[in-house]
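Text of final.csv (CSV, C-alpha atoms and all ligand atoms) as supplied:
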chain,number,residue,atom,x,y,z
A,1,MET,CA,90.9,88.2,78.6
A,2,THR,CA,87.5,88.9,80.1
A,3,LEU,CA,86.6,90.9,83.2
A,4,ARG,CA,83.6,89.7,85.1
A,5,PRO,CA,82.2,89.7,88.6
A,6,TYR,CA,83.5,87.3,91.2
A,7,ARG,CA,81.7,83.9,91.5
A,8,PRO,CA,82.0,81.6,94.5
A,9,ALA,CA,83.6,78.9,92.3
A,10,ASP,CA,86.5,81.3,91.7
A,11,CYS,CA,87.7,81.1,95.3
A,12,ALA,CA,90.3,78.3,94.9
A,13,GLN,CA,91.9,79.9,91.9
A,14,ILE,CA,92.1,83.2,93.7
A,15,LEU,CA,93.6,81.6,96.8
A,16,ALA,CA,96.2,80.0,94.4
A,17,ILE,CA,97.2,83.6,93.4
A,18,TYR,CA,97.0,85.1,96.9
A,19,GLY,CA,98.4,82.2,99.0
A,20,PRO,CA,102.0,82.5,97.8
A,21,ILE,CA,101.9,86.2,98.4
A,22,ILE,CA,100.9,85.6,102.0
A,23,ALA,CA,103.6,83.0,102.3
A,24,HIS,CA,106.5,84.8,100.6
A,25,SER,CA,105.8,88.5,100.3
A,26,SER,CA,105.1,91.5,102.5
A,27,ALA,CA,102.6,92.9,99.9
A,28,THR,CA,100.0,91.6,102.3
A,29,PHE,CA,100.3,91.7,106.1
A,30,GLU,CA,98.3,88.5,106.3
A,31,VAL,CA,100.7,85.8,107.6
A,32,GLU,CA,98.8,82.5,107.6
A,33,VAL,CA,97.3,81.1,104.5
A,34,PRO,CA,93.6,80.7,105.3
A,35,SER,CA,91.7,77.4,104.7
A,36,LEU,CA,89.7,77.4,101.5
A,37,ASN,CA,86.5,77.3,103.5
A,38,ASP,CA,87.4,80.4,105.6
A,39,PHE,CA,88.7,82.2,102.5
A,40,SER,CA,85.5,81.4,100.6
A,41,GLU,CA,83.4,82.9,103.4
A,42,ARG,CA,85.5,86.0,103.5
A,43,LEU,CA,85.2,86.5,99.7
A,44,ALA,CA,81.5,85.9,99.8
A,45,ARG,CA,81.1,88.6,102.5
A,46,ILE,CA,83.2,91.1,100.6
A,47,ALA,CA,81.6,90.4,97.2
A,48,GLY,CA,78.2,90.8,98.8
A,49,ARG,CA,78.9,94.4,99.9
A,50,PHE,CA,81.5,95.7,97.4
A,51,PRO,CA,82.4,95.3,93.7
A,52,PHE,CA,84.8,92.4,93.1
A,53,TRP,CA,86.2,91.9,89.6
A,54,VAL,CA,88.1,89.0,88.2
A,55,ALA,CA,90.1,88.7,85.0
A,56,GLU,CA,90.0,85.3,83.3
A,57,ASP,CA,91.5,83.9,80.1
A,58,ALA,CA,89.7,82.1,77.3
A,59,GLN,CA,90.2,78.8,79.1
A,60,GLY,CA,88.5,80.1,82.3
A,61,SER,CA,91.8,80.5,84.3
A,62,ILE,CA,91.8,83.4,86.7
A,63,LEU,CA,94.7,85.7,86.0
A,64,GLY,CA,93.9,88.4,88.5
A,65,TYR,CA,91.4,90.2,90.6
A,66,ALA,CA,90.6,93.5,92.2
A,67,TYR,CA,88.1,94.5,94.9
A,68,ALA,CA,87.2,97.0,97.5
A,69,THR,CA,86.7,96.6,101.2
A,70,THR,CA,85.8,98.6,104.3
A,71,HIS,CA,88.5,101.2,105.1
A,72,ARG,CA,87.6,101.5,108.8
A,73,GLU,CA,84.5,100.1,110.7
A,74,ARG,CA,83.3,103.4,112.3
A,75,ILE,CA,80.3,104.6,110.4
A,76,ALA,CA,81.7,108.1,109.7
A,77,TYR,CA,84.3,106.4,107.5
A,78,GLN,CA,81.7,104.7,105.3
A,79,TRP,CA,82.5,106.8,102.2
A,80,ALA,CA,86.0,105.5,102.1
A,81,VAL,CA,87.1,102.1,100.8
A,82,GLU,CA,90.5,100.3,100.5
A,83,THR,CA,91.2,98.7,97.1
A,84,SER,CA,93.3,95.7,96.4
A,85,VAL,CA,94.6,94.1,93.2
A,86,TYR,CA,96.5,90.9,92.6
A,87,VAL,CA,97.7,89.5,89.2
A,88,ALA,CA,99.2,86.1,88.8
A,89,PRO,CA,103.0,86.4,88.3
A,90,THR,CA,102.8,84.8,84.8
A,91,ALA,CA,100.5,87.6,83.7
A,92,HIS,CA,102.3,90.6,85.0
A,93,ARG,CA,102.9,93.7,82.8
A,94,GLN,CA,100.2,92.8,80.4
A,95,GLY,CA,97.8,95.5,81.4
A,96,LEU,CA,95.6,93.3,83.7
A,97,GLY,CA,96.1,95.4,86.8
A,98,ARG,CA,95.2,98.5,84.9
A,99,ALA,CA,92.2,96.8,83.3
A,100,LEU,CA,90.9,95.5,86.7
A,101,TYR,CA,91.2,99.0,88.3
A,102,GLY,CA,89.6,100.4,85.2
A,103,ALA,CA,86.5,98.3,86.0
A,104,LEU,CA,86.7,98.6,89.8
A,105,LEU,CA,87.0,102.4,90.1
A,106,PRO,CA,83.9,103.3,88.0
A,107,SER,CA,81.8,100.8,90.0
A,108,LEU,CA,82.9,102.5,93.2
A,109,VAL,CA,82.1,105.9,91.7
A,110,GLU,CA,78.6,104.7,90.8
A,111,ARG,CA,78.0,103.5,94.4
A,112,GLY,CA,78.7,106.9,95.8
A,113,PHE,CA,82.0,106.3,97.6
A,114,VAL,CA,84.3,109.3,98.0
A,115,TRP,CA,87.8,107.9,98.5
A,116,ALA,CA,89.6,104.7,97.3
A,117,TYR,CA,92.8,104.1,99.3
A,118,GLY,CA,95.6,101.9,98.1
A,119,VAL,CA,97.7,100.6,101.1
A,120,ILE,CA,101.1,99.4,99.9
A,121,THR,CA,103.8,97.8,102.0
A,122,LEU,CA,107.2,99.1,100.9
A,123,PRO,CA,109.1,98.3,98.8
A,124,ASN,CA,106.5,97.6,96.0
A,125,ASP,CA,107.5,99.6,92.9
A,126,ALA,CA,105.0,97.7,90.7
A,127,SER,CA,102.1,98.5,93.0
A,128,ILE,CA,103.0,102.2,93.4
A,129,ALA,CA,103.5,102.5,89.7
A,130,LEU,CA,100.2,100.8,88.9
A,131,HIS,CA,98.2,103.0,91.4
A,132,ALA,CA,99.9,106.1,90.0
A,133,ALA,CA,99.1,105.0,86.4
A,134,CYS,CA,95.4,104.6,87.5
A,135,GLY,CA,95.3,108.1,88.9
A,136,TYR,CA,96.0,107.5,92.6
A,137,GLU,CA,98.1,110.1,94.4
A,138,SER,CA,100.5,109.4,97.3
A,139,PHE,CA,99.7,111.2,100.6
A,140,ALA,CA,101.3,109.4,103.5
A,141,THR,CA,103.9,106.8,104.5
A,142,TYR,CA,103.6,105.1,107.9
A,143,SER,CA,107.0,104.2,109.1
A,144,ALA,CA,107.5,100.7,110.6
A,145,ALA,CA,103.8,100.2,110.5
A,146,GLY,CA,104.1,96.4,110.8
A,147,GLN,CA,106.4,93.5,110.9
A,148,LYS,CA,106.5,90.5,108.6
A,149,PHE,CA,109.2,87.8,108.3
A,150,GLY,CA,110.9,89.6,111.3
A,151,GLU,CA,111.4,92.8,109.3
A,152,TRP,CA,109.7,96.2,110.1
A,153,CYS,CA,107.9,97.5,107.0
A,154,ASP,CA,106.8,101.0,106.0
A,155,VAL,CA,103.3,101.3,104.5
A,156,HIS,CA,102.6,103.8,101.8
A,157,TRP,CA,99.1,105.2,101.3
A,158,MET,CA,97.7,106.4,98.0
A,159,ARG,CA,94.2,107.8,97.3
A,160,TYR,CA,91.9,108.2,94.4
A,161,ALA,CA,89.0,110.7,94.5
A,162,LEU,CA,85.9,108.8,93.4
A,163,ASN,CA,83.4,111.5,94.1
A,164,GLN,CA,83.6,115.0,95.5
A,165,ALA,CA,83.0,115.1,99.3
A,166,ARG,CA,79.9,117.3,99.7
A,167,PRO,CA,78.0,118.4,102.8
A,168,GLY,CA,74.8,116.3,103.3
A,169,MET,CA,76.0,113.6,100.9
A,170,SER,CA,73.8,110.5,100.8
A,171,GLU,CA,75.2,107.3,102.1
A,172,PRO,CA,77.1,105.1,99.7
A,173,THR,CA,75.4,102.0,98.3
A,174,PHE,CA,76.8,98.7,99.7
A,175,ARG,CA,76.2,96.0,97.0
A,176,GLY,CA,78.2,93.6,95.0
A,177,LEU,CA,78.3,93.5,91.2
A,201,LIG,C1,101.0,95.4,91.3
A,201,LIG,C2,100.4,94.5,90.3
A,201,LIG,C3,98.9,94.2,90.6
A,201,LIG,C4,100.5,95.2,88.9
A,201,LIG,O1,99.7,94.4,88.0
A,201,LIG,P1,100.1,94.3,86.4
A,201,LIG,O2,98.9,93.6,85.7
A,201,LIG,O3,101.4,93.7,86.2
A,201,LIG,O4,100.1,95.8,86.0
A,201,LIG,P2,99.8,96.4,84.5
A,201,LIG,O5,100.4,95.5,83.5
A,201,LIG,O6,98.4,96.7,84.4
A,201,LIG,O7,100.6,97.8,84.6
A,201,LIG,C5,100.0,99.0,84.5
A,201,LIG,C6,101.0,100.1,84.7
A,201,LIG,O8,101.5,100.0,86.1
A,201,LIG,C7,103.0,100.2,86.1
A,201,LIG,N1,103.7,99.0,86.4
A,201,LIG,C8,103.2,97.8,86.7
A,201,LIG,N2,104.1,96.9,87.1
A,201,LIG,C9,105.3,97.6,87.1
A,201,LIG,C10,106.6,97.3,87.4
A,201,LIG,N3,106.9,96.1,87.8
A,201,LIG,N4,107.5,98.3,87.4
A,201,LIG,C11,107.2,99.5,87.0
A,201,LIG,N5,105.9,99.9,86.7
A,201,LIG,C12,105.0,99.0,86.7
A,201,LIG,C13,103.3,100.7,84.6
A,201,LIG,O9,103.1,102.1,84.6
A,201,LIG,C14,102.3,99.9,83.8
A,201,LIG,O10,102.0,100.5,82.6
A,201,LIG,P3,102.9,100.1,81.3
A,201,LIG,O11,103.0,98.6,81.4
A,201,LIG,O12,102.1,100.6,80.2
A,201,LIG,O13,104.3,100.7,81.6
A,201,LIG,C15,101.2,93.1,90.2
A,201,LIG,O14,102.6,93.4,90.1
A,201,LIG,C16,101.0,92.2,91.3
A,201,LIG,O15,100.0,91.4,91.4
A,201,LIG,N6,101.9,92.2,92.3
A,201,LIG,C17,101.8,91.4,93.5
A,201,LIG,C18,100.6,91.7,94.4
A,201,LIG,C19,100.6,93.1,94.8
A,201,LIG,O16,101.7,93.7,95.2
A,201,LIG,N7,99.4,93.7,94.8
A,201,LIG,C20,99.2,95.1,95.3
A,201,LIG,C21,99.1,95.1,96.7
A,201,LIG,S1,99.0,96.7,97.4

Turn this file's structure into C-alpha cells for me.
Amino acid sequence: MTLRPYRPADCAQILAIYGPIIAHSSATFEVEVPSLNDFSERLARIAGRFPFWVAEDAQGSILGYAYATTHRERIAYQWAVETSVYVAPTAHRQGLGRALYGALLPSLVERGFVWAYGVITLPNDASIALHAACGYESFATYSAAGQKFGEWCDVHWMRYALNQARPGMSEPTFRGL
C-alpha cells in the first residue's frame, strides 16, 4: 500500500468508494450521487487548497482517501478545517484509515491550521474509534442535526489540535500537496 497525493485520474475510483456511502449510509449527509464531472470539479477545487491523500495498492487500485476542507466560510474560521476519511469496505480494519490520517494531520500542521474537526453522523462506531485512535477528542453532539432516509440523525464532533492558537498568528497556507 502506498500513500500519495490525489491526482485527477483518481476521481472515478474515489466516486466508486464514496457513491455507495451516499446511496446507502448516513455517514455522509450528501443524498444524491454526483456526476463524475461535478465530482471531479469538486475534488480538483479541494485538492488545490488542502492536502488530499489517497491510499493505493500495488495494482493501482485506490483503497481509501482522506482530505481536509473548509470548516466554515467566514474568514475568522480559516484556521479550522474539517477532515474526512473513507476506506473501501474490502480494506477495512487493515490500518488504512490510521495511515491516511497519519499523513493528513502532519500536512495540516505544516500549513499552520489550528483545529481539525471530525464530523460524524451517529451511529458510526468505526469512525469514532478511528478518530480517537488518531488523537481526536470528542467535544459536542448535535441532536437531530439532519435527516437522511427519513430518520433524524445526531452528529458527533471531534477535534484534533494541530497547532496552538496564539494571538497574532499568521494565516494558514492554502495549498494542495
Ligand atoms: C471509519 C473508517 C474510515 C475506518 O477506516 P479503517 O481503515 O477500517 O480503520 P483502521 O484499520 O485504520 O483502524 C484504526 C483504528 O480505528 C479503530 N477502528 C476502526 N474501525 C473500527 C471498528 N469497526 N470498530 C472499532 N474500532 C475501529 C481501531 O482502534 C483501529 O485500530 P486497531 O485495528 O489497531 O484496533 C472506515 O470504517 C470507513 O471508511 N467507514 C465508512 C466511511 C466513514 O464512515 N467515514 C468516516 C466519515 S466521518

(request) Would you mind telling me which residue in A:Thr83, A:Gln13, A:Thr69, A:Thr2 lies nearest to ligand LIG 201 (chain A) when using only C-alpha atoms and all ligand atoms? (result)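 Checking each candidate against ligand LIG 201 (chain A), we get A:Thr83 as the closest.
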
(request) Tell me, as a PyMOL selection string, which residues lie within 12 Å of A:Gly95, counting all atoms listed in the file; anything in the same chain fewer than 3 positions away does not count. (result) chain A and resi 1+55+63-64+87+91-92+98-102+126+130+133-134

(request) Using all atoms listed in the file, find each protein or nucleic acid residue lying at most 10 Å from ligand LIG 201 (chain A); present the set as number ranges by chain. (result) A: 17-18, 20-22, 25-28, 63-66, 82-102, 117-134, 155-158

(request) List every protein, DNA or RNA residue that has at least one atom no more than 6 Å from (81.9, 97.6, 98.2) in the file's coordinates, counting all atoms listed in the file, and write the result as number ranges by chain. (result) A: 49-51, 68-69, 174

(message) From the options A:Arg166, A:Arg45, A:Lys148, A:Arg159, which residue's atoms come nearest to A:Tyr6, counting only C-alpha atoms?
(response)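 Of the candidates, the smallest distance to A:Tyr6 is held by A:Arg45.
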
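Using all atoms listed in the file, the shortest contact distance between A:Leu162 and any of A:Gly176, A:Arg4, A:Gly135, A:Phe113 is found at A:Phe113.
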
(request) May I ask for the distance between atom CA of A:Ala161 and atom CA of A:His71, given in Å to one decimal place? (result) 14.2 Å

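Proximity ranking of A:Tyr67, A:Trp79, A:Phe139, A:Phe29 relative to A:Thr173 places A:Trp79 first, based on all atoms listed in the file.
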
(message) With distances taken over only C-alpha atoms, which residue among A:Gly60, A:Gly19, A:Pro5, A:Gly112 lies nearest A:Ala44?
(response) A:Pro5

(request) Would you mind reading off the distance between atom CA of A:Ala23 and atom CA of A:Phe149, one decimal, in Å? (result)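 That distance, rounded to one decimal, is 9.5 Å.
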
(request) Grab the atom CA of A:Trp115 to atom CA of A:Tyr136 distance for me, in Å with one decimal place. (result) 10.1 Å

(message) Could you check the closest approach to A:Ile46 for each of A:Met169, A:Ala116, A:Val81, A:Ala145 and tell me which residue wins, using all atoms listed in the file?
(response) A:Val81
